[in-house]
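Below is run-v1.csv, which holds CSV, C-alpha atoms and all ligand atoms.
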chain,number,residue,atom,x,y,z
S,1,MET,CA,14.7,1.8,8.8
S,2,ARG,CA,11.7,3.8,10.1
S,3,VAL,CA,8.7,3.1,8.0
S,4,LEU,CA,5.3,4.8,7.9
S,5,VAL,CA,2.4,2.4,7.2
S,6,ALA,CA,-0.8,4.0,6.0
S,7,GLY,CA,-3.9,1.9,6.5
S,8,ALA,CA,-2.1,0.2,9.4
S,9,ALA,CA,-5.3,-0.9,11.0
S,10,GLY,CA,-6.6,-2.5,7.8
S,11,ASN,CA,-6.6,-6.2,6.9
S,12,THR,CA,-3.4,-5.9,4.9
S,13,GLY,CA,-1.9,-3.0,6.9
S,14,LYS,CA,-1.8,-5.0,10.2
S,15,ARG,CA,0.1,-7.8,8.5
S,16,ILE,CA,2.6,-5.3,7.1
S,17,VAL,CA,3.2,-3.8,10.5
S,18,ARG,CA,3.8,-7.2,12.0
S,19,ARG,CA,6.3,-8.2,9.3
S,20,LEU,CA,8.2,-4.9,9.5
S,21,LEU,CA,8.6,-5.2,13.2
S,22,GLU,CA,9.7,-8.8,12.9
S,23,ARG,CA,12.5,-7.7,10.6
S,24,GLY,CA,13.7,-5.1,13.0
S,25,HIS,CA,12.3,-2.0,11.3
S,26,GLU,CA,10.7,0.9,13.3
S,27,VAL,CA,7.1,1.4,12.4
S,28,ARG,CA,4.9,4.4,12.6
S,29,ALA,CA,1.4,3.1,12.2
S,30,LEU,CA,-1.1,5.5,10.6
S,31,ALA,CA,-4.7,4.9,11.4
S,32,ARG,CA,-7.7,7.2,11.2
S,33,LYS,CA,-9.4,6.4,14.5
S,34,ALA,CA,-7.9,6.7,18.0
S,35,GLU,CA,-9.4,3.4,19.0
S,36,GLN,CA,-7.4,1.6,16.3
S,37,LEU,CA,-4.1,2.7,17.8
S,38,PRO,CA,-3.7,0.5,21.0
S,39,GLU,CA,-3.6,-2.8,19.1
S,40,LEU,CA,-0.9,-1.4,16.8
S,41,GLU,CA,1.0,0.0,19.8
S,42,ASP,CA,0.8,-3.4,21.6
S,43,LEU,CA,2.5,-4.9,18.6
S,44,GLY,CA,5.4,-2.4,19.1
S,45,ALA,CA,4.5,0.3,16.5
S,46,GLU,CA,4.3,4.0,17.2
S,47,GLY,CA,0.6,4.9,16.7
S,48,CYS,CA,-0.2,7.9,14.6
S,49,ARG,CA,-3.8,9.1,14.2
S,50,VAL,CA,-4.4,10.8,10.9
S,51,ASP,CA,-7.4,10.9,8.6
S,52,LEU,CA,-6.0,11.3,5.1
S,53,GLU,CA,-9.2,12.7,3.8
S,54,ARG,CA,-10.1,15.2,6.5
S,55,ASP,CA,-6.9,16.3,8.3
S,56,GLU,CA,-4.8,19.3,7.4
S,57,ASP,CA,-1.7,19.0,5.3
S,58,ALA,CA,0.4,20.0,8.2
S,59,ARG,CA,-0.8,17.0,10.2
S,60,ILE,CA,-0.2,14.6,7.3
S,61,ALA,CA,3.3,16.1,6.9
S,62,GLY,CA,4.0,15.4,10.6
S,63,ALA,CA,3.0,11.8,10.1
S,64,VAL,CA,5.8,11.3,7.5
S,65,ARG,CA,8.4,13.4,9.3
S,66,GLY,CA,11.4,11.3,10.4
S,67,CYS,CA,10.5,8.3,8.3
S,68,GLU,CA,12.7,7.0,5.5
S,69,ALA,CA,10.0,5.0,3.7
S,70,THR,CA,6.2,4.8,3.3
S,71,ILE,CA,4.1,1.7,2.6
S,72,PHE,CA,0.6,2.8,1.6
S,73,ALA,CA,-2.1,0.2,2.2
S,74,ALA,CA,-5.1,2.5,3.0
S,75,GLY,CA,-8.3,2.5,1.0
S,76,ALA,CA,-11.9,3.6,1.2
S,77,GLY,CA,-13.0,-0.1,1.1
S,78,PRO,CA,-15.7,-2.0,-0.6
S,79,GLY,CA,-18.6,-0.4,1.4
S,80,SER,CA,-17.8,3.1,0.2
S,81,GLY,CA,-19.2,4.9,-2.8
S,82,PRO,CA,-17.5,6.7,-5.7
S,83,ALA,CA,-17.0,10.0,-3.8
S,84,ARG,CA,-14.7,8.3,-1.3
S,85,LYS,CA,-12.8,6.5,-4.0
S,86,GLU,CA,-11.9,10.0,-5.2
S,87,THR,CA,-11.2,11.5,-1.7
S,88,MET,CA,-9.3,8.4,-0.3
S,89,ASP,CA,-8.0,6.1,-3.0
S,90,TYR,CA,-6.9,9.0,-5.1
S,91,GLY,CA,-6.9,12.1,-2.9
S,92,GLY,CA,-5.6,10.5,0.3
S,93,ALA,CA,-2.9,8.7,-1.7
S,94,VAL,CA,-1.7,11.9,-3.3
S,95,LYS,CA,-1.7,13.9,-0.1
S,96,LEU,CA,0.6,11.4,1.5
S,97,MET,CA,3.0,11.1,-1.4
S,98,GLN,CA,3.2,14.9,-1.6
S,99,ALA,CA,4.0,15.0,2.2
S,100,ALA,CA,6.6,12.3,1.7
S,101,GLY,CA,8.3,14.3,-1.0
S,102,ALA,CA,8.2,17.5,1.0
S,103,GLU,CA,9.6,15.7,4.1
S,104,GLY,CA,12.4,14.0,2.2
S,105,ALA,CA,11.0,10.5,2.9
S,106,GLY,CA,12.0,9.3,-0.6
S,107,ARG,CA,11.0,5.6,-0.7
S,108,TYR,CA,7.3,5.0,-1.3
S,109,VAL,CA,5.7,1.6,-1.9
S,110,LEU,CA,2.0,1.8,-3.0
S,111,LEU,CA,-0.5,-1.0,-2.8
S,112,SER,CA,-2.4,-0.6,-6.1
S,113,SER,CA,-4.6,-3.1,-7.9
S,114,MET,CA,-4.8,-5.2,-11.0
S,115,GLY,CA,-7.3,-3.7,-13.5
S,116,VAL,CA,-6.1,-0.1,-13.2
S,117,VAL,CA,-4.7,-0.1,-16.8
S,118,ASP,CA,-8.3,-0.7,-18.1
S,119,PRO,CA,-11.0,0.5,-15.7
S,120,GLY,CA,-13.5,0.4,-18.6
S,121,GLY,CA,-13.1,-3.4,-18.8
S,122,ALA,CA,-14.3,-3.9,-15.3
S,123,VAL,CA,-17.9,-4.2,-14.0
S,124,GLU,CA,-19.4,-0.8,-13.6
S,125,GLU,CA,-19.3,-0.6,-9.8
S,126,MET,CA,-15.6,-1.2,-9.8
S,127,GLN,CA,-14.8,1.5,-12.3
S,128,PRO,CA,-14.7,4.5,-9.9
S,129,TYR,CA,-12.3,2.6,-7.7
S,130,LEU,CA,-10.0,1.5,-10.5
S,131,ILE,CA,-10.0,5.1,-12.0
S,132,ALA,CA,-9.0,6.5,-8.6
S,133,LYS,CA,-6.2,4.0,-8.2
S,134,ALA,CA,-5.0,4.5,-11.7
S,135,LYS,CA,-4.8,8.3,-11.1
S,136,ALA,CA,-2.8,7.7,-7.9
S,137,ASP,CA,-0.4,5.4,-9.7
S,138,VAL,CA,0.2,8.0,-12.5
S,139,GLN,CA,0.8,10.7,-9.9
S,140,LEU,CA,3.3,8.6,-8.0
S,141,GLN,CA,5.2,7.7,-11.2
S,142,ALA,CA,5.6,11.4,-11.9
S,143,SER,CA,6.4,12.4,-8.3
S,144,GLY,CA,10.1,12.1,-8.3
S,145,LEU,CA,9.9,9.7,-5.3
S,146,SER,CA,11.7,6.4,-5.4
S,147,TYR,CA,8.5,4.4,-5.9
S,148,THR,CA,7.3,0.9,-6.2
S,149,ILE,CA,3.7,0.2,-7.4
S,150,VAL,CA,2.4,-3.3,-6.6
S,151,ARG,CA,-0.8,-4.4,-8.3
S,152,PRO,CA,-2.3,-7.5,-6.8
S,153,GLY,CA,-5.3,-9.5,-7.9
S,154,ARG,CA,-8.2,-10.2,-5.5
S,155,LEU,CA,-7.0,-10.3,-1.9
S,156,THR,CA,-7.8,-13.3,0.3
S,157,ASP,CA,-7.3,-14.1,4.0
S,158,GLY,CA,-5.6,-17.4,3.1
S,159,ALA,CA,-2.3,-18.5,4.5
S,160,GLY,CA,0.9,-17.0,3.2
S,161,THR,CA,3.0,-19.3,0.9
S,162,GLY,CA,6.1,-17.0,0.5
S,163,ARG,CA,5.7,-17.6,-3.3
S,164,ILE,CA,4.2,-15.4,-6.0
S,165,SER,CA,4.0,-14.6,-9.7
S,166,ALA,CA,5.2,-11.0,-10.5
S,167,ALA,CA,5.5,-9.2,-13.8
S,168,PRO,CA,4.7,-5.8,-15.3
S,169,GLU,CA,1.6,-7.5,-16.8
S,170,LEU,CA,0.7,-11.1,-15.9
S,171,ALA,CA,-2.0,-11.4,-18.6
S,172,ARG,CA,-4.3,-13.4,-16.3
S,173,ARG,CA,-6.5,-12.6,-13.4
S,174,GLY,CA,-6.6,-14.4,-10.0
S,175,GLU,CA,-6.1,-14.0,-6.3
S,176,ILE,CA,-3.3,-13.7,-3.7
S,177,SER,CA,-3.4,-13.8,0.1
S,178,ARG,CA,-3.0,-10.6,2.1
S,179,GLU,CA,-0.1,-12.4,3.9
S,180,ASP,CA,1.8,-12.7,0.6
S,181,VAL,CA,1.0,-9.2,-0.4
S,182,ALA,CA,2.3,-7.9,3.0
S,183,GLU,CA,5.5,-9.9,2.6
S,184,THR,CA,5.9,-8.6,-0.9
S,185,LEU,CA,5.5,-4.9,0.1
S,186,VAL,CA,8.0,-5.3,2.9
S,187,GLU,CA,10.5,-7.1,0.7
S,188,CYS,CA,10.3,-4.3,-1.8
S,189,LEU,CA,12.1,-2.1,0.7
S,190,GLU,CA,15.1,-4.4,0.6
S,191,VAL,CA,15.2,-5.3,-3.1
S,192,GLU,CA,16.8,-2.5,-5.1
S,193,ASN,CA,15.4,-3.8,-8.4
S,194,THR,CA,11.9,-2.8,-7.3
S,195,ARG,CA,12.8,1.0,-7.3
S,196,ARG,CA,10.8,2.9,-10.0
S,197,ARG,CA,9.0,-0.3,-11.0
S,198,THR,CA,5.2,-1.0,-11.4
S,199,PHE,CA,4.1,-4.6,-11.5
S,200,GLU,CA,1.3,-7.1,-10.9
S,201,ILE,CA,1.3,-10.0,-8.4
S,202,LEU,CA,-0.7,-13.1,-8.0
S,203,ALA,CA,-0.3,-16.3,-6.0
S,204,GLY,CA,2.4,-18.3,-7.7
S,205,SER,CA,5.4,-20.6,-7.4
S,206,THR,CA,8.5,-18.2,-7.3
S,207,PRO,CA,9.9,-17.3,-3.9
S,208,ILE,CA,9.0,-13.6,-3.3
S,209,ARG,CA,12.5,-12.2,-3.2
S,210,GLU,CA,13.4,-14.0,-6.4
S,211,ALA,CA,10.2,-12.8,-8.1
S,212,LEU,CA,11.0,-9.2,-7.1
S,213,GLU,CA,14.6,-9.5,-8.4
S,214,GLY,CA,13.1,-10.4,-11.8
S,215,VAL,CA,10.4,-7.8,-12.3
S,301,LIG,N1,-9.8,-6.3,-1.7
S,301,LIG,C1,-9.2,-6.6,-2.8
S,301,LIG,O1,-9.5,-7.7,-3.4
S,301,LIG,C2,-8.1,-5.7,-3.3
S,301,LIG,C3,-7.5,-6.1,-4.5
S,301,LIG,C4,-6.4,-5.3,-5.0
S,301,LIG,C5,-6.0,-4.2,-4.3
S,301,LIG,N2,-6.6,-3.9,-3.1
S,301,LIG,C6,-6.1,-2.7,-2.4
S,301,LIG,O2,-5.6,-3.1,-1.2
S,301,LIG,C7,-5.9,-2.2,-0.1
S,301,LIG,C8,-5.9,-2.9,1.2
S,301,LIG,O3,-6.9,-3.9,1.2
S,301,LIG,P1,-7.5,-4.3,2.7
S,301,LIG,O4,-8.4,-5.4,2.4
S,301,LIG,O5,-6.3,-4.5,3.6
S,301,LIG,O6,-8.2,-3.0,3.1
S,301,LIG,P2,-8.9,-2.6,4.4
S,301,LIG,O7,-8.9,-3.7,5.4
S,301,LIG,O8,-10.2,-1.9,4.1
S,301,LIG,O9,-7.9,-1.5,5.0
S,301,LIG,C9,-7.9,-0.2,4.5
S,301,LIG,C10,-7.6,0.8,5.7
S,301,LIG,O10,-7.6,2.1,5.2
S,301,LIG,C11,-8.1,2.9,6.2
S,301,LIG,N3,-8.6,4.2,5.8
S,301,LIG,C12,-9.8,4.4,5.1
S,301,LIG,N4,-10.0,5.8,5.0
S,301,LIG,C13,-9.0,6.4,5.6
S,301,LIG,C14,-8.6,7.7,5.8
S,301,LIG,N5,-9.4,8.7,5.4
S,301,LIG,N6,-7.4,8.0,6.5
S,301,LIG,C15,-6.7,7.0,6.9
S,301,LIG,N7,-6.9,5.7,6.8
S,301,LIG,C16,-8.1,5.4,6.1
S,301,LIG,C17,-9.2,2.1,6.8
S,301,LIG,O11,-9.6,2.6,8.0
S,301,LIG,P3,-11.1,2.3,8.7
S,301,LIG,O12,-10.9,0.9,9.3
S,301,LIG,O13,-11.2,3.3,9.7
S,301,LIG,O14,-12.0,2.3,7.6
S,301,LIG,C18,-8.6,0.7,6.8
S,301,LIG,O15,-7.9,0.5,8.1
S,301,LIG,C19,-7.3,-1.7,-0.6
S,301,LIG,O16,-7.7,-0.5,-0.1
S,301,LIG,C20,-7.2,-1.7,-2.1
S,301,LIG,O17,-6.7,-0.4,-2.5
S,301,LIG,C21,-7.7,-4.6,-2.6
Just give me the structure of the file as structure tokens.
Ligand SMILES: NC(=O)c1ccc[n+]([C@@H]2O[C@H](COP(=O)([O-])OP(=O)(O)OC[C@H]3O[C@@H](n4cnc5c(N)ncnc54)[C@H](OP(=O)(O)O)[C@@H]3O)[C@@H](O)[C@H]2O)c1
Amino acid sequence: MRVLVAGAAGNTGKRIVRRLLERGHEVRALARKAEQLPELEDLGAEGCRVDLERDEDARIAGAVRGCEATIFAAGAGPGSGPARKETMDYGGAVKLMQAAGAEGAGRYVLLSSMGVVDPGGAVEEMQPYLIAKAKADVQLQASGLSYTIVRPGRLTDGAGTGRISAAPELARRGEISREDVAETLVECLEVENTRRRTFEILAGSTPIREALEGV
């Protein structure tokens, strides 16, 4: 399958690109700066320079064209203020899901976050981020796309274990490695049960595929 990865140069995005390629998928790697593309192309992906906040809709549509699925792992990042949470974590996410719908790329896997169901319960500086992510989730659920929304806890750079806990609501907080998040997002493309599902994930003891078959 040809898969568009948004945020491909990011810490999780690169891991997603590698795993997709290992499994024999074709990957179009969307990154916002030209200098981020060579590393992704060296891995075997097709590089695609798009800024989801600044570029025209036509350019964003071109990025999706010919892909069957999208994995969205882009984000404004911890160093950015509330304005970019709105333009990237919400606005950028919506632009890409609208482009996917218009281009007939029906499968859409979104990397969301734990905490979006209750942004007011988070520390104040996290609230604009969680509100933006929550709005993007709602928009995707209403989009008509065949979506999966994955909400991890705090991301770490620890080793992957191949095992997670997954449920619509896990009723606890915690962390999970970016390796296991990447593996989960890629597996979602192959597990039918994840279509039109929204669920949380944390480090756990259930093999990823089994966990996804049970959400
Ligand atoms: N960190 C956590 O604990 C946590 C917890 C739960 C969920 N999440 C979610 O997981 C996502 C991935 O995390 P991560 O640590 O892998 O993030 P990351 O390393 O910051 O990667 C995000 C990528 O998005 C790209 N991006 C930013 N603005 C863009 C734009 N306008 N157009 C296109 N691409 C753009 C960034 O590009 P540049 O390199 O050019 O900035 C970066 O490559 C986060 O964004 C967040 O939504 C994070």
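Distances from S:Arg154, S:Arg197, S:Arg65, S:Arg84 to ligand LIG 301 (chain S) were compared using only C-alpha atoms and all ligand atoms, and the smallest one belongs to S:Arg154.
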Find the nearest atom pair between each residue of chain S and ligand LIG 301 (chain S) for residues within 7 Å, count all atoms listed in the file, give distances in Å to one decimal, sort rows by chain and ascending number, and present the table as a Markdown table.
| residue | atom | partner | partner_atom | distance |
| --- | --- | --- | --- | --- |
| S:Ala6 | CA | S:LIG301 | N7 | 6.4 |
| S:Gly7 | CA | S:LIG301 | O10 | 3.9 |
| S:Ala8 | CA | S:LIG301 | O15 | 6.0 |
| S:Ala9 | CA | S:LIG301 | O15 | 4.1 |
| S:Gly10 | CA | S:LIG301 | O9 | 3.2 |
| S:Asn11 | CA | S:LIG301 | O7 | 3.7 |
| S:Thr12 | CA | S:LIG301 | O5 | 3.5 |
| S:Gly13 | CA | S:LIG301 | O5 | 5.7 |
| S:Leu30 | CA | S:LIG301 | C15 | 6.9 |
| S:Ala31 | CA | S:LIG301 | N7 | 5.2 |
| S:Arg32 | CA | S:LIG301 | C15 | 4.4 |
| S:Lys33 | CA | S:LIG301 | O13 | 6.0 |
| S:Val50 | CA | S:LIG301 | C15 | 6.0 |
| S:Asp51 | CA | S:LIG301 | N6 | 3.6 |
| S:Leu52 | CA | S:LIG301 | N6 | 3.8 |
| S:Glu53 | CA | S:LIG301 | N5 | 4.3 |
| S:Arg54 | CA | S:LIG301 | N5 | 6.6 |
| S:Ala73 | CA | S:LIG301 | C8 | 5.0 |
| S:Ala74 | CA | S:LIG301 | O10 | 3.4 |
| S:Gly75 | CA | S:LIG301 | O16 | 3.3 |
| S:Ala76 | CA | S:LIG301 | C12 | 4.5 |
| S:Gly77 | CA | S:LIG301 | O8 | 4.5 |
| S:Met88 | CA | S:LIG301 | N5 | 5.7 |
| S:Asp89 | CA | S:LIG301 | O17 | 6.6 |
| S:Gly92 | CA | S:LIG301 | N5 | 6.6 |
| S:Leu111 | CA | S:LIG301 | O2 | 5.7 |
| S:Ser112 | CA | S:LIG301 | C5 | 5.4 |
| S:Ser113 | CA | S:LIG301 | C5 | 4.0 |
| S:Met114 | CA | S:LIG301 | C4 | 6.2 |
| S:Arg151 | CA | S:LIG301 | C4 | 6.6 |
| S:Pro152 | CA | S:LIG301 | C4 | 5.0 |
| S:Gly153 | CA | S:LIG301 | C4 | 5.2 |
| S:Arg154 | CA | S:LIG301 | O1 | 3.5 |
| S:Leu155 | CA | S:LIG301 | O1 | 3.9 |
| S:Thr156 | CA | S:LIG301 | O1 | 6.9 |
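Considering the residues S:Ala159, S:Ala166, S:Ala100, S:Ala29 and counting all atoms listed in the file, Thr198 in chain S has its shortest atom-to-atom contact with S:Ala166.
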Using all atoms listed in the file: which of S:Ala203, S:Ala83, S:Val64, S:Ile149 has the shortest distance to Gln98 in chain S: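 Among the listed residues, S:Val64 lies closest to Gln98 in chain S.
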What gap, in Å, lies between CA of Ala45 in chain S and CA of Val27 in chain S?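 Rounded to one decimal, the two atoms are 5.0 Å apart.
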For a quick check of understanding, using only C-alpha atoms, which of S:Arg15, S:Lys133, S:Thr194, S:Leu40 has the smallest distance to Ser177 in chain S? S:Arg15
Residues within 10 Å of Gly162 in chain S, please, as a list of chain:residue names. Count only C-alpha atoms; anything in the same chain fewer than 3 positions from it doesn't count. S:Ala159, S:Glu179, S:Asp180, S:Val181, S:Glu183, S:Thr184, S:Ala203, S:Gly204, S:Ser205, S:Thr206, S:Pro207, S:Ile208, S:Arg209
Same residues, C-alpha atoms, saved as a CSV table (one decimal), keeping the file's coordinate frame:
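Final file, again_20.csv:
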chain,number,residue,atom,x,y,z
S,159,ALA,CA,-2.3,-18.5,4.5
S,179,GLU,CA,-0.1,-12.4,3.9
S,180,ASP,CA,1.8,-12.7,0.6
S,181,VAL,CA,1.0,-9.2,-0.4
S,183,GLU,CA,5.5,-9.9,2.6
S,184,THR,CA,5.9,-8.6,-0.9
S,203,ALA,CA,-0.3,-16.3,-6.0
S,204,GLY,CA,2.4,-18.3,-7.7
S,205,SER,CA,5.4,-20.6,-7.4
S,206,THR,CA,8.5,-18.2,-7.3
S,207,PRO,CA,9.9,-17.3,-3.9
S,208,ILE,CA,9.0,-13.6,-3.3
S,209,ARG,CA,12.5,-12.2,-3.2
Atomic separation - CA of Ala142 in chain S relative to CA of Ala167 in chain S, Å: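 So the answer is 20.7 Å.
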Could you pull the residues within 9 Å of Arg19 in chain S, counting all atoms listed in the file, minus those fewer than 4 positions along the same chain, as a list in words?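 Final neighbour list, sorted by chain and number: Lys14, Arg15, Arg23, Gly24, His25, Ala182, Glu183 and Val186 of chain S.
Residue nearest Arg2 in chain S within the list S:Pro82, S:Gly47, S:Pro168, S:Gly66: S:Gly66 [criterion: smallest interatomic distance, all atoms listed in the file].
Shell of Arg107 in chain S at 9 Å, with only C-alpha atoms counted and residues fewer than 5 places along the chain excluded, is Glu68, Ala69, Thr70, Ile71, Ala100, Leu145, Ser146, Tyr147, Thr148, Leu189 and Arg195 of chain S.
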Could you please determine the separation between CA of Ser143 in chain S and CA of Arg196 in chain S in Å, to one decimal place?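 Taking CA of Ser143 in chain S and CA of Arg196 in chain S, their separation equals 10.6 Å.
Of the listed residues S:Val150, S:Arg49, S:Leu96, S:Glu175, the one whose atoms come nearest to Val215 in chain S is S:Val150, with distances taken using all atoms listed in the file.
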Which residues are close to Ile131 in chain S, i.e. within 12 Å by only C-alpha atoms, leaving aside same-chain residues fewer than 6 positions away? Reply as a list in words.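 Everything that qualifies: Pro82, Ala83, Lys85, Glu86, Asp89, Tyr90, Gly91, Ser112, Ser113, Met114, Gly115, Val116, Val117, Asp118, Pro119, Gly120, Gly121, Ala122, Glu124, Glu125, Asp137 and Val138 of chain S.
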